[in-house]
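Q: The structure under discussion is supplied below as structure tokens; questions concerning it will follow.
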Amino acid sequence: MEFDTATLVGAFDRAGIVAFAFSGVEVGARRNLDVFGLLVMGVVTATGGGVMRDVILDRLPLILAHPDYLAWAVGGAVAAVVLIWRRARYPRFVLRVAEAGGLGAFAVAGSLTAIGAGLGWSGAMLMAIVTAVGGGVIRDVLADRVPVVLHSEVNATAAGLGGLATWAVYGQSNSVAAVFGLSVAALVYSAGAAFDLRLPRPGGRSGAKR
Amino acid sequence: MEFDTATLVGAFDRAGIVAFAFSGVEVGARRNLDVFGLLVMGVVTATGGGVMRDVILDRLPLILAHPDYLAWAVGGAVAAVVLIWRRARYPRFVLRVAEAGGLGAFAVAGSLTAIGAGLGWSGAMLMAIVTAVGGGVIRDVLADRVPVVLHSEVNATAAGLGGLATWAVYGQSNSVAAVFGLSVAALVYSAGAAFDLRLPRPGGRSGAKR
Amino acid sequence: MEFDTATLVGAFDRAGIVAFAFSGVEVGARRNLDVFGLLVMGVVTATGGGVMRDVILDRLPLILAHPDYLAWAVGGAVAAVVLIWRRARYPRFVLRVAEAGGLGAFAVAGSLTAIGAGLGWSGAMLMAIVTAVGGGVIRDVLADRVPVVLHSEVNATAAGLGGLATWAVYGQSNSVAAVFGLSVAALVYSAGAAFDLRLPRPGGRSGAKR
């Protein structure tokens with residue numbers, strides 16, 4: 001059943017790439033970027049986390065080794081630009097579901113890459129977080145704002161737990177590990193979105209800069 | 001005639017490094033940075049794109065392997081700091097020409113490096129863009145503003161087309177490929193500057209944050 | 001006496017990691033980040049410079065190869081979060097001393113890594129600066145402000161001189177080189193902090209953005 005699991009994780013991976021590309025284009029449109037800038041925002045948001053992971057682990061980035069990943073990112077960004085240009089309405093709920101699955105798939109990919117590089121549980125957790133939220137951090141830095149993941153999202157917590165779950169089960173069955181890690185991350189993310197969960201803010205009442 | 005081509009591209013490369021160093025120092029001076037900060041802005045703007053390319057492709061950055069490149073960047077930055085400190089006037093037109101040639105040389109260097117790493121046309125185009133505009137993006141992120149290339153320049157389009165042109169001709173003649181790619185990028189850039197060309201902005205009328 | 005020197009530099013290294021983690025958490029708290037964001041800011045500030053250095057030199061980052069470094073960063077960040085959450089007062093002077101020693105240890109580590117990679121004096125100086133101030137630059141970019149090191153600190157100057165000092169003495173005695181480089185960087189930093197030294201700002205009177 002290895003094949004089915006790879007197909008499943010791959011499908012969520014691509015769904016996540018498209019959903020993340022949409023989020024990059026949306027943030028860029030609010031900054032009044034031109035068409036090229038929007039495409040860059042979409043592609044960078046969708047692929048930036050994986051590139052950061054591969055650069056840190058000294059591997060050729062997956063989107064350069066396998067250009068079909070890049071094609072999904074460009075396709076998602078182009079679709080988002082067209083929709084926003086035409087001021088079309090599109091179902092955000094579908095994007096949210098794709099983002100949940102994508103976050104899980106990204107976390108699993110990061111964890112498995114770290115395990116493949118011989119790292120332990122802390123490396124697996126770190127690389128899951130970097131893969132899943134790195135693109136969003138680059139998006140927000142380019143958009144000149146404090147990364148959303150640092151103050152209003154549970155995405156990083158979800159990705160870290162998913163990466164840990166993958167690492168914990170990996171020894172027994174690789175396909176179960178992938179599905180388990182993906183589910184943990186997607187569930188934590190969904191719970192966060194459903195109940196608007198936020199982590200406490202120790203810094204006090206003073207309003208954040210935007 | 002390989003030698004002459006290499007000399008030509010090398011000359012534009014160095015002209016571009018100096019011109020990019022100037023642009024970094026100019027942006028830094030508007031942020032009231034100190035002398036060291038200005039030098040960093042100049043050097044990072046001039047060399048950041050190449051370092052990003054080499055880091056992504058797992059190579060030792062050229063400026064570390066060949067310190068004379070670093071010397072051109074430092075020299076350009078020092079000259080810019082001195083001129084700005086003395087409130088001297090300097091011919092911006094010369095800088096614009098150097099930037100056009102430099103953008104082309106950077107795009108060619110990115111495309112050739114990608115081809116050397118075994119990548120296809122999409123990798124060549126991506127690495128041309130990263131090499132040519134990466135330094136400016138880092139400059140603008142450090143200066144706490146949305147990268148200019150995302151909303152007001154055709155630099156990335158010019159670099160991408162130049163990188164594609166280099167890739168397309170590379171099989172037949174390497175020297176023709178380099179000159180052709182450089183010319184395409186420099187022409188698109190110059191046309192953009194001459195006619196103040198801008199790509200459309202799908203996001204609508206709302207003013208961008210700076 | 002090699003062992004003693006390694007112990008000494010290692011102790012300052014860890015002191016610097018903890019002090020840098022505190023500075024990251026402090027900046028994050030001013031931006032009203034949540035608990036996870038604060039931990040990220042602390043860990044990234046403490047380890048970002050070393051990761052940048054290792055990524056540029058194509059090495060597996062030290063914090064992934066030796067997770068005990070990561071543990072010091074996480075421990076420092078957790079301690080800072082707890083103290084800030086409880087609005088406890090803590091002796092800033094101790095942090096300043098730890099930061100001085102840490103800056104020196106980071107500069108020595110950067111310089112030695114560059115020497116080990118076969119680089120010359122310019123590479124040693126650059127890698128000392130990247131290692132010592134890279135984490136702070138990432139911290140400030142994430143916090144959406146112009147990096148402090150570019151306009152108000154002598155940290156980079158101190159690190160660069162410490163890296164050069166390490167490089168200059170390295171041939172004769174490695175342990176003397178480490179202690180000498182660390183001392184030079186720490187002394188320049190301390191002098192800068194004691195006398196509020198600032199480098200001149202050629203850009204003129206106009207106030208910086210923030």
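Chain labels A, B, ... are given in the sequence in which chains occur in the structure tokens; within each chain residues are numbered consecutively from 1, and ligands are likewise numbered from 1 in the order shown.
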Could you pull the residues within 9 Å of Ala105 (chain C), counting only C-alpha atoms, minus those fewer than 4 positions along the same chain, as a list in words?
A: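 My reading of the contact set: Val9, Gly10, Ala11, Phe12, Asp13, Arg14, Gly16, Ala100, Gly101, Ala109, Gly110, Ala132, Ala178, Val179, Gly181, Leu182, Ser183, Ala185 and Ala186 of chain C.
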Q: Mind listing as a compact mmCIF listing (two decimals) with N, CA, C and O atoms, in the first residue's frame which residues of chain A are within 10 Å of chain C, counting only C-alpha atoms?
A:
```
# COMPACT_ATOMS: atom_id res chain seq x y z
N MET A 52 13.65 26.67 1.65
CA MET A 52 14.41 26.91 2.87
C MET A 52 14.89 25.59 3.48
O MET A 52 16.04 25.46 3.89
N VAL A 55 17.68 24.15 1.29
CA VAL A 55 18.91 24.93 1.40
C VAL A 55 19.60 24.61 2.72
O VAL A 55 20.82 24.41 2.78
N ILE A 56 18.82 24.53 3.81
CA ILE A 56 19.41 24.24 5.12
C ILE A 56 20.03 22.85 5.14
O ILE A 56 21.08 22.63 5.71
N LEU A 57 19.37 21.89 4.49
CA LEU A 57 19.87 20.51 4.49
C LEU A 57 20.80 20.23 3.31
O LEU A 57 21.12 19.07 3.05
N ASP A 58 21.23 21.29 2.60
CA ASP A 58 22.21 21.14 1.51
C ASP A 58 21.73 20.22 0.40
O ASP A 58 22.50 19.41 -0.12
N ARG A 59 20.46 20.31 0.03
CA ARG A 59 19.96 19.56 -1.10
C ARG A 59 19.53 20.52 -2.20
O ARG A 59 19.17 21.66 -1.92
N ALA A 114 14.12 15.42 6.99
CA ALA A 114 15.04 15.49 8.12
C ALA A 114 15.47 14.09 8.56
O ALA A 114 16.65 13.84 8.83
N ALA A 117 17.99 12.77 6.35
CA ALA A 117 19.31 13.39 6.53
C ALA A 117 19.96 12.95 7.83
O ALA A 117 21.01 13.48 8.21
N GLY A 118 19.33 11.99 8.52
CA GLY A 118 19.94 11.45 9.73
C GLY A 118 19.69 12.26 10.98
O GLY A 118 20.36 12.06 11.99
N LEU A 119 18.72 13.17 10.96
CA LEU A 119 18.46 14.01 12.13
C LEU A 119 17.50 13.32 13.10
O LEU A 119 16.78 12.38 12.73
N GLY A 120 17.49 13.78 14.34
CA GLY A 120 16.63 13.21 15.38
C GLY A 120 15.30 13.93 15.46
O GLY A 120 14.89 14.63 14.53
N TRP A 121 14.63 13.79 16.62
CA TRP A 121 13.27 14.33 16.74
C TRP A 121 13.27 15.86 16.68
O TRP A 121 12.34 16.45 16.11
N SER A 122 14.30 16.49 17.22
CA SER A 122 14.27 17.96 17.20
C SER A 122 14.46 18.47 15.76
O SER A 122 13.80 19.42 15.34
N GLY A 123 15.33 17.82 15.01
CA GLY A 123 15.50 18.20 13.61
C GLY A 123 14.24 17.95 12.80
O GLY A 123 13.85 18.77 11.95
N ALA A 124 13.58 16.81 13.05
CA ALA A 124 12.35 16.50 12.32
C ALA A 124 11.28 17.56 12.60
O ALA A 124 10.58 18.02 11.69
N LEU A 126 11.78 20.70 13.68
CA LEU A 126 12.19 21.98 13.10
C LEU A 126 11.94 22.01 11.60
O LEU A 126 11.41 22.99 11.06
N MET A 127 12.32 20.95 10.90
CA MET A 127 12.18 20.97 9.45
C MET A 127 10.71 20.90 9.03
O MET A 127 10.33 21.45 8.00
N VAL A 137 6.21 32.98 5.98
CA VAL A 137 7.08 33.97 6.60
C VAL A 137 7.73 34.85 5.52
O VAL A 137 7.76 36.09 5.64
N ILE A 138 8.23 34.22 4.44
CA ILE A 138 8.82 35.01 3.35
C ILE A 138 7.75 35.93 2.75
O ILE A 138 8.02 37.11 2.49
N ASP A 140 5.20 37.32 4.20
CA ASP A 140 4.92 38.46 5.06
C ASP A 140 6.10 39.41 5.14
O ASP A 140 5.91 40.63 5.25
N VAL A 141 7.33 38.88 5.07
CA VAL A 141 8.49 39.76 5.08
C VAL A 141 8.50 40.61 3.80
O VAL A 141 8.75 41.82 3.85
N LEU A 142 8.20 39.99 2.66
CA LEU A 142 8.14 40.76 1.41
C LEU A 142 7.01 41.78 1.46
O LEU A 142 7.13 42.87 0.90
N ALA A 143 5.91 41.44 2.11
CA ALA A 143 4.78 42.37 2.20
C ALA A 143 4.98 43.39 3.32
O ALA A 143 4.08 44.17 3.61
N ASP A 144 6.16 43.39 3.93
CA ASP A 144 6.51 44.38 4.93
C ASP A 144 5.58 44.35 6.13
O ASP A 144 5.01 45.38 6.53
N ARG A 145 5.36 43.17 6.70
CA ARG A 145 4.57 43.08 7.93
C ARG A 145 5.14 41.95 8.79
O ARG A 145 5.87 41.09 8.30
N VAL A 146 4.80 41.98 10.08
CA VAL A 146 5.26 40.93 10.98
C VAL A 146 4.57 39.63 10.57
O VAL A 146 3.35 39.60 10.39
N PRO A 147 5.35 38.54 10.40
CA PRO A 147 4.74 37.29 9.95
C PRO A 147 3.54 36.88 10.81
O PRO A 147 3.60 36.86 12.03
N VAL A 148 2.43 36.58 10.12
CA VAL A 148 1.19 36.23 10.80
C VAL A 148 1.39 35.04 11.74
O VAL A 148 0.82 34.99 12.83
N VAL A 149 2.24 34.11 11.32
CA VAL A 149 2.41 32.89 12.10
C VAL A 149 2.98 33.18 13.48
O VAL A 149 2.82 32.38 14.40
N LEU A 150 3.62 34.35 13.65
CA LEU A 150 4.23 34.65 14.94
C LEU A 150 3.23 35.21 15.95
O LEU A 150 3.52 35.28 17.13
N HIS A 151 2.05 35.64 15.47
CA HIS A 151 1.14 36.24 16.45
C HIS A 151 -0.31 35.78 16.37
O HIS A 151 -1.06 35.99 17.31
N SER A 152 -0.73 35.17 15.26
CA SER A 152 -2.16 34.90 15.15
C SER A 152 -2.52 33.52 14.63
O SER A 152 -3.66 33.27 14.33
N GLU A 153 -1.59 32.64 14.44
CA GLU A 153 -1.92 31.36 13.86
C GLU A 153 -1.39 30.23 14.73
O GLU A 153 -0.42 30.40 15.45
N VAL A 154 -2.03 29.06 14.59
CA VAL A 154 -1.47 27.88 15.25
C VAL A 154 -0.78 27.00 14.22
O VAL A 154 -0.45 25.85 14.51
N ALA A 156 2.20 26.84 13.00
CA ALA A 156 3.52 26.31 13.33
C ALA A 156 3.39 25.21 14.38
O ALA A 156 4.06 24.18 14.31
N THR A 157 2.53 25.42 15.37
CA THR A 157 2.29 24.38 16.37
C THR A 157 1.77 23.12 15.69
O THR A 157 2.22 22.00 15.98
N ARG A 198 -5.94 30.82 19.73
CA ARG A 198 -4.71 31.59 19.66
C ARG A 198 -3.88 31.30 20.89
O ARG A 198 -4.43 31.09 21.97
N LEU A 199 -2.62 31.30 20.72
CA LEU A 199 -1.73 31.12 21.86
C LEU A 199 -1.70 32.42 22.66
O LEU A 199 -1.93 33.50 22.11
N PRO A 200 -1.46 32.30 23.97
CA PRO A 200 -1.41 33.54 24.78
C PRO A 200 -0.25 34.43 24.36
O PRO A 200 0.74 33.99 23.79
N ARG A 201 -0.43 35.73 24.65
CA ARG A 201 0.60 36.71 24.29
C ARG A 201 1.18 37.32 25.55
O ARG A 201 0.59 38.24 26.13
N PRO A 202 2.37 36.85 25.94
CA PRO A 202 2.95 37.31 27.21
C PRO A 202 3.29 38.79 27.21
O PRO A 202 3.44 39.39 28.26
N GLY A 203 3.43 39.40 26.04
CA GLY A 203 3.96 40.76 25.97
C GLY A 203 3.03 41.81 26.53
O GLY A 203 3.42 42.97 26.65
N GLY A 204 1.78 41.46 26.81
CA GLY A 204 0.91 42.44 27.43
C GLY A 204 -0.04 43.09 26.45
O GLY A 204 -0.21 42.64 25.32
N ARG A 205 -0.64 44.17 26.89
CA ARG A 205 -1.78 44.75 26.18
C ARG A 205 -1.40 45.59 24.98
O ARG A 205 -2.19 45.80 24.09
N SER A 206 -0.21 46.18 25.01
CA SER A 206 0.14 47.16 23.98
C SER A 206 -0.10 46.57 22.60
O SER A 206 0.33 45.47 22.31
N GLY A 207 -0.80 47.31 21.76
CA GLY A 207 -1.12 46.81 20.43
C GLY A 207 0.12 46.56 19.61
O GLY A 207 1.10 47.29 19.69
N ALA A 208 0.06 45.49 18.81
CA ALA A 208 1.19 45.19 17.93
C ALA A 208 1.22 46.22 16.81
O ALA A 208 0.22 46.85 16.48
N LYS A 209 2.39 46.40 16.23
CA LYS A 209 2.51 47.25 15.04
C LYS A 209 1.83 46.51 13.89
O LYS A 209 2.40 45.61 13.31
N ARG A 210 0.61 46.89 13.57
CA ARG A 210 -0.21 46.18 12.59
C ARG A 210 -0.39 44.73 12.99
O ARG A 210 -0.12 43.85 12.21
```
Q: Taking only C-alpha atoms into account, name the residue in A:Ala77, A:Leu95, A:Val176, A:Leu112 that is nearest to Leu164 (chain A).
A: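 So, comparing all the options, the nearest one is A:Leu112.
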Q: Could you please write out, as a PyMOL selection string, every residue of region 31-108 of chain A that DSSP assigns to alpha helix (DSSP H)?
A: chain A and resi 35-56+62-65+67-85+92-108
